[in-house]
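Chemist: Encoded as structure tokens, here's the structure I'll be asking about.
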There are 2 protein chains.
Amino acid sequence: MLLSTKGEYGVRCMLDLAIHYGQGPISIRDISKREGISKNYIEQLFVRLRHAKLIKSVRGPKGGYLLISQPRRIKIGDVVRALEGPIAAIRCVQPQNSKDLCERISTCVLYILWKRLTDKINEVLDSTTLEGLCREGMKLSKHRLAHPLPFQI
Amino acid sequence: MLLSTKGEYGVRCMLDLAIHYGQGPISIRDISKREGISKNYIEQLFVRLRHAKLIKSVRGPKGGYLLISQPRRIKIGDVVRALEGPIAAIRCVQPQNSKDLCERISTCVLYILWKRLTDKINEVLDSTTLEGLCREGMKLSKHRLAHPLPFQI
DNA sequence: ACAAATCTGACTAATTTTGTCAAGTATAAA
DNA sequence: TTTATACTTGACAAAATTAGTCAGATTTGT
């Protein structure tokens with residue numbers, strides 16, 4: 001599996017923030033209820049998203065989290081990479097430490113394959129934005145509901 | 001990371017068999033030396049590849065393993081799936097057990113995204129064969145060596 | 001002051017990964 | 001027929017990662 005629940009849940013939470021974009025700070029408690037993800041775990045995910053400057057927090061009562069940029073400026077690739085680290089087919093394409101380094105890299109046919117795959121993955125993730133998902137979601141729910149929002153994510 | 005060392009090493013070993021295709025059974029001992037992967041671990045990988053009917057074994061002295069089909073008939077996707085199980089972006093796209101099942105699946109925008117990504121990944125893996133890699137490898141080594149084989153993989 | 005919310009770090013159970021090891025079985029060659 | 005070679009199987013285990021939980025501190029609006 002390419003993504004762990006960190007990536008999966010994190011993207012869900014970010015989409016939740018995108019859906020409520022412009023409505024002021026959204027609390028973890030609300031997101032937790034809507035998404036069925038534990039408050040504590042969301043806090044952990046939001047630490048990473050905050051460090052990556054994708055969200056910001058407002059403390060105190062009526063506080064919560066907001067997207068730093070507009071949903072159309074936030075690529076799913078940015079979100080996933082903030083949560084999971086660099087996305088790659090195998091380690092040698094995105095070496096994290098010295099033991100990932102491979103001395104054959106420059107002449108290795110498999111490196112070429114894994115690199116091509118890695119690029120394709122990131123291409124797909126970077127060609128979708130939070131806004132794009134919101135729009136697709138609205139289309140989906142129009143078929144089922146009288147009013148388009150809120151839709152299931 | 002999409003693949004663990006099971007997938008990485010397994011593909012390396014299969015490419016090694018492809019390079020020596022037509023030369024009779026290749027022993028694990030030889031592959032182990034060439035690829036720098038422990039004999040015991042290769043044995044484990046080959047159990048899966050044999051069950052998937054990608055390789056067959058010949059016992060006794062001068063025994064070893066052979067590809068069942070021609071290198072051009074073996075897609076990297078087949079190899080990877082034999083070693084790692086179904087390849088997917090996240091679990092809900094390829095549910096392995098009941099807890100992976102998601103009741104929102106039919107109306108979920110994220111499912112659409114993860115499915116699209118999963119399809120793209122398998123597309124890349126299935127568009128490359130062992131023979132294709134052999135050819136690319138020969139091209140690479142021609143630039144460095146007087147004779148094209150054996151090349152580094 | 002109080003309550004609502006974020007923030008931080010420590011902790012942990014479960015699972016997966018990445019192997020090792022030992023004791024077989026099958027078979028070709030001497 | 002003996003023997004060495006090589007595959008075969010299953011058990012075991014250390015290390016890393018995953019998927020969280022928990023306690024407590026901090027901030028701030030009312």
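By order in the structure tokens, chains are A, B, ...; within a chain, residues start at 1; ligands start at 1, following the order shown.
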Please produce, as JSON lines, a per-residue contact table for chain B versus chain D (criterion: any atom at most 7 Å away, only C-alpha atoms (C1' of nucleotides) considered), showing the nearest atom pair and its distance in Å to one decimal, sorted by chain then residue number.
Modeler:
{"residue": "B:Arg59", "atom": "CA", "partner": "D:DC7", "partner_atom": "C1'", "distance": 5.4}
{"residue": "B:Gly60", "atom": "CA", "partner": "D:DA6", "partner_atom": "C1'", "distance": 5.1}
{"residue": "B:Pro61", "atom": "CA", "partner": "D:DT5", "partner_atom": "C1'", "distance": 4.3}
{"residue": "B:Gly63", "atom": "CA", "partner": "D:DA6", "partner_atom": "C1'", "distance": 6.1}
{"residue": "B:Gly64", "atom": "CA", "partner": "D:DA6", "partner_atom": "C1'", "distance": 6.8}
Chemist: Would you output that residue set with N, CA, C and O atoms, as a PDB file, in the first residue's frame?
Modeler:
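Below is the file that was written, again_37.pdb:
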ATOM      1  N   ARG B  59      15.304 -29.650  -9.011  1.00  0.00           N
ATOM      2  CA  ARG B  59      16.031 -30.041  -7.812  1.00  0.00           C
ATOM      3  C   ARG B  59      17.288 -30.818  -8.178  1.00  0.00           C
ATOM      4  O   ARG B  59      17.466 -31.237  -9.306  1.00  0.00           O
ATOM      5  N   GLY B  60      18.121 -30.994  -7.159  1.00  0.00           N
ATOM      6  CA  GLY B  60      19.333 -31.785  -7.330  1.00  0.00           C
ATOM      7  C   GLY B  60      20.497 -30.963  -7.840  1.00  0.00           C
ATOM      8  O   GLY B  60      20.355 -29.769  -8.122  1.00  0.00           O
ATOM      9  N   PRO B  61      21.659 -31.596  -7.968  1.00  0.00           N
ATOM     10  CA  PRO B  61      22.853 -30.895  -8.465  1.00  0.00           C
ATOM     11  C   PRO B  61      22.566 -30.312  -9.844  1.00  0.00           C
ATOM     12  O   PRO B  61      21.811 -30.902 -10.617  1.00  0.00           O
ATOM     13  N   GLY B  63      20.753 -28.052 -10.355  1.00  0.00           N
ATOM     14  CA  GLY B  63      19.376 -27.567 -10.348  1.00  0.00           C
ATOM     15  C   GLY B  63      19.330 -26.068 -10.154  1.00  0.00           C
ATOM     16  O   GLY B  63      20.364 -25.387 -10.187  1.00  0.00           O
ATOM     17  N   GLY B  64      18.125 -25.564  -9.945  1.00  0.00           N
ATOM     18  CA  GLY B  64      17.955 -24.131  -9.752  1.00  0.00           C
ATOM     19  C   GLY B  64      16.578 -23.707 -10.204  1.00  0.00           C
ATOM     20  O   GLY B  64      15.640 -24.507 -10.205  1.00  0.00           O
TER      21      GLY B  64
END
Chemist: Both chains have the same sequence, so match all Cα atoms in order, fit chain B onto chain A by least squares, and return it as a compact mmCIF listing (two decimals) with C-alpha atoms, in the first residue's frame.
Modeler:
# COMPACT_ATOMS: atom_id res chain seq x y z
CA MET B 1 -0.02 0.02 -0.03
CA LEU B 2 1.31 3.43 -0.94
CA LEU B 3 -0.37 5.37 1.88
CA SER B 4 -0.94 4.60 5.54
CA THR B 5 -3.90 5.93 7.50
CA LYS B 6 -1.84 9.03 8.21
CA GLY B 7 -2.15 10.00 4.55
CA GLU B 8 -5.68 8.74 4.16
CA TYR B 9 -7.10 10.40 7.28
CA GLY B 10 -5.03 13.54 6.77
CA VAL B 11 -6.42 14.10 3.29
CA ARG B 12 -9.93 13.49 4.64
CA CYS B 13 -9.40 16.15 7.31
CA MET B 14 -7.97 18.62 4.80
CA LEU B 15 -10.95 18.07 2.52
CA ASP B 16 -13.21 18.68 5.52
CA LEU B 17 -11.43 22.00 6.10
CA ALA B 18 -11.80 22.83 2.41
CA ILE B 19 -15.53 22.15 2.48
CA HIS B 20 -15.87 24.57 5.39
CA TYR B 21 -13.41 27.06 3.97
CA GLY B 22 -14.43 30.66 4.72
CA GLN B 23 -16.49 29.68 7.78
CA GLY B 24 -13.87 30.58 10.39
CA PRO B 25 -11.86 28.16 12.51
CA ILE B 26 -13.02 24.54 12.45
CA SER B 27 -12.43 22.61 15.67
CA ILE B 28 -10.84 19.19 15.84
CA ARG B 29 -13.85 18.05 17.81
CA ASP B 30 -16.16 18.77 14.87
CA ILE B 31 -13.86 17.16 12.33
CA SER B 32 -13.49 14.14 14.60
CA LYS B 33 -17.27 13.71 14.77
CA ARG B 34 -17.80 14.12 11.05
CA GLU B 35 -14.92 11.94 9.91
CA GLY B 36 -15.03 9.33 12.65
CA ILE B 37 -11.34 9.75 13.45
CA SER B 38 -10.15 10.10 17.04
CA LYS B 39 -9.44 13.62 18.31
CA ASN B 40 -6.01 12.61 19.53
CA TYR B 41 -4.96 11.17 16.22
CA ILE B 42 -6.13 14.21 14.29
CA GLU B 43 -4.07 16.41 16.60
CA GLN B 44 -1.01 14.40 15.62
CA LEU B 45 -1.75 14.74 11.93
CA PHE B 46 -2.33 18.48 12.28
CA VAL B 47 1.11 18.98 13.85
CA ARG B 48 2.62 17.83 10.56
CA LEU B 49 0.22 19.83 8.42
CA ARG B 50 0.91 22.94 10.48
CA HIS B 51 4.69 22.52 10.20
CA ALA B 52 4.24 22.16 6.45
CA LYS B 53 2.38 25.50 6.50
CA LEU B 54 -0.77 24.05 5.01
CA ILE B 55 -2.99 24.94 7.98
CA LYS B 56 -2.90 27.40 10.86
CA SER B 57 -4.50 27.25 14.30
CA VAL B 58 -6.55 29.65 16.36
CA ARG B 59 -6.51 28.96 20.10
CA GLY B 60 -9.17 29.49 22.70
CA PRO B 61 -12.95 29.11 22.57
CA LYS B 62 -14.33 29.22 19.04
CA GLY B 63 -10.83 28.35 17.92
CA GLY B 64 -9.77 25.61 15.57
CA TYR B 65 -7.92 25.18 12.31
CA LEU B 66 -8.03 26.85 8.92
CA LEU B 67 -6.40 26.28 5.59
CA ILE B 68 -3.60 28.79 5.03
CA SER B 69 -4.24 29.02 1.28
CA GLN B 70 -7.31 28.75 -0.88
CA PRO B 71 -8.42 25.18 -1.62
CA ARG B 72 -7.46 25.62 -5.26
CA ARG B 73 -3.88 26.37 -4.23
CA ILE B 74 -3.47 23.17 -2.19
CA LYS B 75 -2.44 20.07 -4.11
CA ILE B 76 -3.17 16.63 -2.70
CA GLY B 77 0.51 15.88 -3.28
CA ASP B 78 1.46 18.62 -0.82
CA VAL B 79 -0.85 17.18 1.79
CA VAL B 80 0.30 13.61 1.33
CA ARG B 81 3.99 14.52 1.36
CA ALA B 82 3.52 16.57 4.53
CA LEU B 83 1.97 13.58 6.24
CA GLU B 84 3.95 10.66 4.88
CA GLY B 85 7.24 12.19 3.81
CA PRO B 86 8.49 11.92 0.23
CA ILE B 87 6.34 9.64 -1.93
CA ALA B 88 8.32 7.10 -3.93
CA ALA B 89 7.99 3.63 -5.41
CA ILE B 90 11.01 2.37 -3.47
CA ARG B 91 13.61 3.87 -1.15
CA CYS B 92 16.48 4.29 -3.63
CA VAL B 93 14.46 6.90 -5.53
CA GLN B 94 14.09 9.15 -2.47
CA PRO B 95 16.96 8.18 -0.15
CA GLN B 96 16.11 9.09 3.46
CA ASN B 97 19.41 8.00 4.95
CA SER B 98 22.77 6.64 3.89
CA LYS B 99 21.71 3.01 3.78
CA ASP B 100 19.13 3.84 1.09
CA LEU B 101 21.89 5.01 -1.23
CA CYS B 102 22.68 2.63 -4.08
CA GLU B 103 25.99 2.76 -5.86
CA ARG B 104 24.60 1.28 -9.08
CA ILE B 105 22.04 4.03 -9.43
CA SER B 106 23.49 5.71 -12.51
CA THR B 107 23.54 2.54 -14.60
CA CYS B 108 20.57 0.69 -13.13
CA VAL B 109 17.63 -0.17 -15.38
CA LEU B 110 15.42 -0.73 -12.39
CA TYR B 111 16.18 2.70 -11.02
CA ILE B 112 14.84 4.09 -14.28
CA LEU B 113 11.64 2.10 -13.87
CA TRP B 114 11.11 3.05 -10.21
CA LYS B 115 11.84 6.67 -11.01
CA ARG B 116 9.31 6.69 -13.84
CA LEU B 117 6.70 5.16 -11.54
CA THR B 118 7.48 7.62 -8.74
CA ASP B 119 7.15 10.57 -11.10
CA LYS B 120 3.81 9.28 -12.36
CA ILE B 121 2.47 8.90 -8.82
CA ASN B 122 3.45 12.43 -7.84
CA GLU B 123 2.02 13.69 -11.11
CA VAL B 124 -1.40 12.26 -10.28
CA LEU B 125 -1.30 13.59 -6.73
CA ASP B 126 -0.19 17.04 -7.87
CA SER B 127 -2.80 17.34 -10.59
CA THR B 128 -5.62 17.31 -8.03
CA THR B 129 -6.41 20.15 -5.63
CA LEU B 130 -8.74 20.35 -2.66
CA GLU B 131 -11.01 22.57 -4.70
CA GLY B 132 -11.09 20.02 -7.49
CA LEU B 133 -12.25 17.37 -5.02
CA CYS B 134 -14.90 19.72 -3.63
CA ARG B 135 -16.26 20.25 -7.12
CA GLU B 136 -16.30 16.56 -7.92
CA GLY B 137 -18.03 15.93 -4.60
CA MET B 138 -20.73 18.47 -5.39
CA LYS B 139 -21.37 16.81 -8.71
CA LEU B 140 -21.67 13.43 -7.02
CA SER B 141 -24.13 14.63 -4.40
CA LYS B 142 -26.32 16.51 -6.88
CA HIS B 143 -27.40 13.14 -8.18
CA ARG B 144 -28.61 12.11 -4.76
CA LEU B 145 -29.74 15.20 -2.94
CA ALA B 146 -31.89 18.25 -3.51
CA HIS B 147 -29.14 20.55 -2.20
CA PRO B 148 -25.54 19.93 -3.06
CA LEU B 149 -23.84 20.35 0.31
CA PRO B 150 -22.74 18.95 2.68
CA PHE B 151 -21.62 15.94 0.74
CA GLN B 152 -20.00 12.74 1.84
CA ILE B 153 -16.25 12.61 1.54
Chemist: Which chain C residues have any atom within 12 Å of an atom of chain B, and for each, what is the nearest pair of atoms with distance in Å to one decimal, counting only C-alpha atoms (C1' of nucleotides), rows sorted by chain and number, as a tab-separated table?
Modeler:
residue	atom	partner	partner_atom	distance
C:DT16	C1'	B:Ser4	CA	10.1
C:DT17	C1'	B:Ser4	CA	7.8
C:DT18	C1'	B:Thr5	CA	8.0
C:DG19	C1'	B:Tyr41	CA	6.6
C:DT20	C1'	B:Asn40	CA	7.6
C:DC21	C1'	B:Asn40	CA	9.1
C:DA22	C1'	B:Asn40	CA	11.8
C:DT25	C1'	B:Arg59	CA	9.6
C:DA26	C1'	B:Arg59	CA	6.1
C:DT27	C1'	B:Gly60	CA	4.3
C:DA28	C1'	B:Pro61	CA	5.5
C:DA29	C1'	B:Pro61	CA	7.8
C:DA30	C1'	B:Pro61	CA	11.9
Chemist: As a PyMOL selection string, please: every residue in chain B that DSSP puts in strand (DSSP E).
Modeler: chain B and resi 55-58+64-67
Chemist: Considering only alpha helix (DSSP H) as DSSP defines it on the backbone, what residues of chain A qualify? List them as a PDB file with C-alpha atoms, in the first residue's frame.
Modeler:
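Once everything was written out, this is part_12.pdb:
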ATOM      1  CA  THR A   5      -3.892   5.919   7.501  1.00  0.00           C
ATOM      2  CA  LYS A   6      -1.836   9.045   8.188  1.00  0.00           C
ATOM      3  CA  GLY A   7      -2.159   9.988   4.549  1.00  0.00           C
ATOM      4  CA  GLU A   8      -5.689   8.722   4.143  1.00  0.00           C
ATOM      5  CA  TYR A   9      -7.102  10.399   7.256  1.00  0.00           C
ATOM      6  CA  GLY A  10      -5.031  13.526   6.753  1.00  0.00           C
ATOM      7  CA  VAL A  11      -6.426  14.094   3.275  1.00  0.00           C
ATOM      8  CA  ARG A  12      -9.946  13.491   4.616  1.00  0.00           C
ATOM      9  CA  CYS A  13      -9.408  16.138   7.291  1.00  0.00           C
ATOM     10  CA  MET A  14      -7.988  18.608   4.790  1.00  0.00           C
ATOM     11  CA  LEU A  15     -10.959  18.068   2.513  1.00  0.00           C
ATOM     12  CA  ASP A  16     -13.215  18.687   5.500  1.00  0.00           C
ATOM     13  CA  LEU A  17     -11.429  22.007   6.082  1.00  0.00           C
ATOM     14  CA  ALA A  18     -11.795  22.822   2.386  1.00  0.00           C
ATOM     15  CA  ILE A  19     -15.525  22.172   2.473  1.00  0.00           C
ATOM     16  CA  ILE A  28     -10.830  19.166  15.816  1.00  0.00           C
ATOM     17  CA  ARG A  29     -13.868  18.029  17.777  1.00  0.00           C
ATOM     18  CA  ASP A  30     -16.172  18.775  14.848  1.00  0.00           C
ATOM     19  CA  ILE A  31     -13.879  17.157  12.304  1.00  0.00           C
ATOM     20  CA  SER A  32     -13.517  14.144  14.555  1.00  0.00           C
ATOM     21  CA  LYS A  33     -17.299  13.726  14.727  1.00  0.00           C
ATOM     22  CA  ARG A  34     -17.835  14.143  10.997  1.00  0.00           C
ATOM     23  CA  GLU A  35     -14.950  11.953   9.873  1.00  0.00           C
ATOM     24  CA  LYS A  39      -9.473  13.615  18.285  1.00  0.00           C
ATOM     25  CA  ASN A  40      -6.055  12.600  19.518  1.00  0.00           C
ATOM     26  CA  TYR A  41      -4.999  11.157  16.206  1.00  0.00           C
ATOM     27  CA  ILE A  42      -6.152  14.211  14.289  1.00  0.00           C
ATOM     28  CA  GLU A  43      -4.070  16.383  16.596  1.00  0.00           C
ATOM     29  CA  GLN A  44      -1.023  14.356  15.620  1.00  0.00           C
ATOM     30  CA  LEU A  45      -1.760  14.728  11.921  1.00  0.00           C
ATOM     31  CA  PHE A  46      -2.332  18.462  12.270  1.00  0.00           C
ATOM     32  CA  VAL A  47       1.095  18.943  13.833  1.00  0.00           C
ATOM     33  CA  ARG A  48       2.610  17.804  10.541  1.00  0.00           C
ATOM     34  CA  LEU A  49       0.209  19.810   8.409  1.00  0.00           C
ATOM     35  CA  ARG A  50       0.903  22.920  10.461  1.00  0.00           C
ATOM     36  CA  HIS A  51       4.679  22.499  10.187  1.00  0.00           C
ATOM     37  CA  ILE A  76      -3.182  16.619  -2.725  1.00  0.00           C
ATOM     38  CA  GLY A  77       0.488  15.855  -3.304  1.00  0.00           C
ATOM     39  CA  ASP A  78       1.454  18.617  -0.850  1.00  0.00           C
ATOM     40  CA  VAL A  79      -0.872  17.177   1.772  1.00  0.00           C
ATOM     41  CA  VAL A  80       0.288  13.595   1.309  1.00  0.00           C
ATOM     42  CA  ARG A  81       3.971  14.513   1.343  1.00  0.00           C
ATOM     43  CA  ALA A  82       3.509  16.573   4.515  1.00  0.00           C
ATOM     44  CA  LEU A  83       1.956  13.577   6.218  1.00  0.00           C
ATOM     45  CA  GLU A  84       3.943  10.659   4.870  1.00  0.00           C
ATOM     46  CA  VAL A 109      17.650  -0.134 -15.316  1.00  0.00           C
ATOM     47  CA  LEU A 110      15.443  -0.710 -12.325  1.00  0.00           C
ATOM     48  CA  TYR A 111      16.183   2.723 -10.964  1.00  0.00           C
ATOM     49  CA  ILE A 112      14.847   4.113 -14.243  1.00  0.00           C
ATOM     50  CA  LEU A 113      11.642   2.105 -13.818  1.00  0.00           C
ATOM     51  CA  TRP A 114      11.110   3.057 -10.173  1.00  0.00           C
ATOM     52  CA  LYS A 115      11.841   6.681 -10.983  1.00  0.00           C
ATOM     53  CA  ARG A 116       9.317   6.680 -13.815  1.00  0.00           C
ATOM     54  CA  LEU A 117       6.706   5.150 -11.513  1.00  0.00           C
ATOM     55  CA  THR A 118       7.475   7.608  -8.729  1.00  0.00           C
ATOM     56  CA  ASP A 119       7.137  10.562 -11.091  1.00  0.00           C
ATOM     57  CA  LYS A 120       3.800   9.274 -12.352  1.00  0.00           C
ATOM     58  CA  ILE A 121       2.457   8.884  -8.815  1.00  0.00           C
ATOM     59  CA  ASN A 122       3.425  12.404  -7.849  1.00  0.00           C
ATOM     60  CA  GLU A 123       1.999  13.685 -11.118  1.00  0.00           C
ATOM     61  CA  VAL A 124      -1.419  12.236 -10.293  1.00  0.00           C
ATOM     62  CA  LEU A 125      -1.323  13.570  -6.740  1.00  0.00           C
ATOM     63  CA  ASP A 126      -0.207  17.022  -7.889  1.00  0.00           C
ATOM     64  CA  LEU A 130      -8.745  20.336  -2.682  1.00  0.00           C
ATOM     65  CA  GLU A 131     -11.036  22.549  -4.730  1.00  0.00           C
ATOM     66  CA  GLY A 132     -11.111  19.983  -7.493  1.00  0.00           C
ATOM     67  CA  LEU A 133     -12.262  17.370  -5.030  1.00  0.00           C
ATOM     68  CA  CYS A 134     -14.913  19.701  -3.622  1.00  0.00           C
ATOM     69  CA  ARG A 135     -16.292  20.240  -7.122  1.00  0.00           C
ATOM     70  CA  GLU A 136     -16.317  16.541  -7.917  1.00  0.00           C
ATOM     71  CA  GLY A 137     -18.052  15.917  -4.616  1.00  0.00           C
ATOM     72  CA  MET A 138     -20.751  18.457  -5.387  1.00  0.00           C
ATOM     73  CA  LYS A 139     -21.393  16.792  -8.711  1.00  0.00           C
ATOM     74  CA  LEU A 140     -21.702  13.407  -7.006  1.00  0.00           C
ATOM     75  CA  SER A 141     -24.159  14.622  -4.392  1.00  0.00           C
ATOM     76  CA  LYS A 142     -26.360  16.507  -6.866  1.00  0.00           C
TER      77      LYS A 142
END
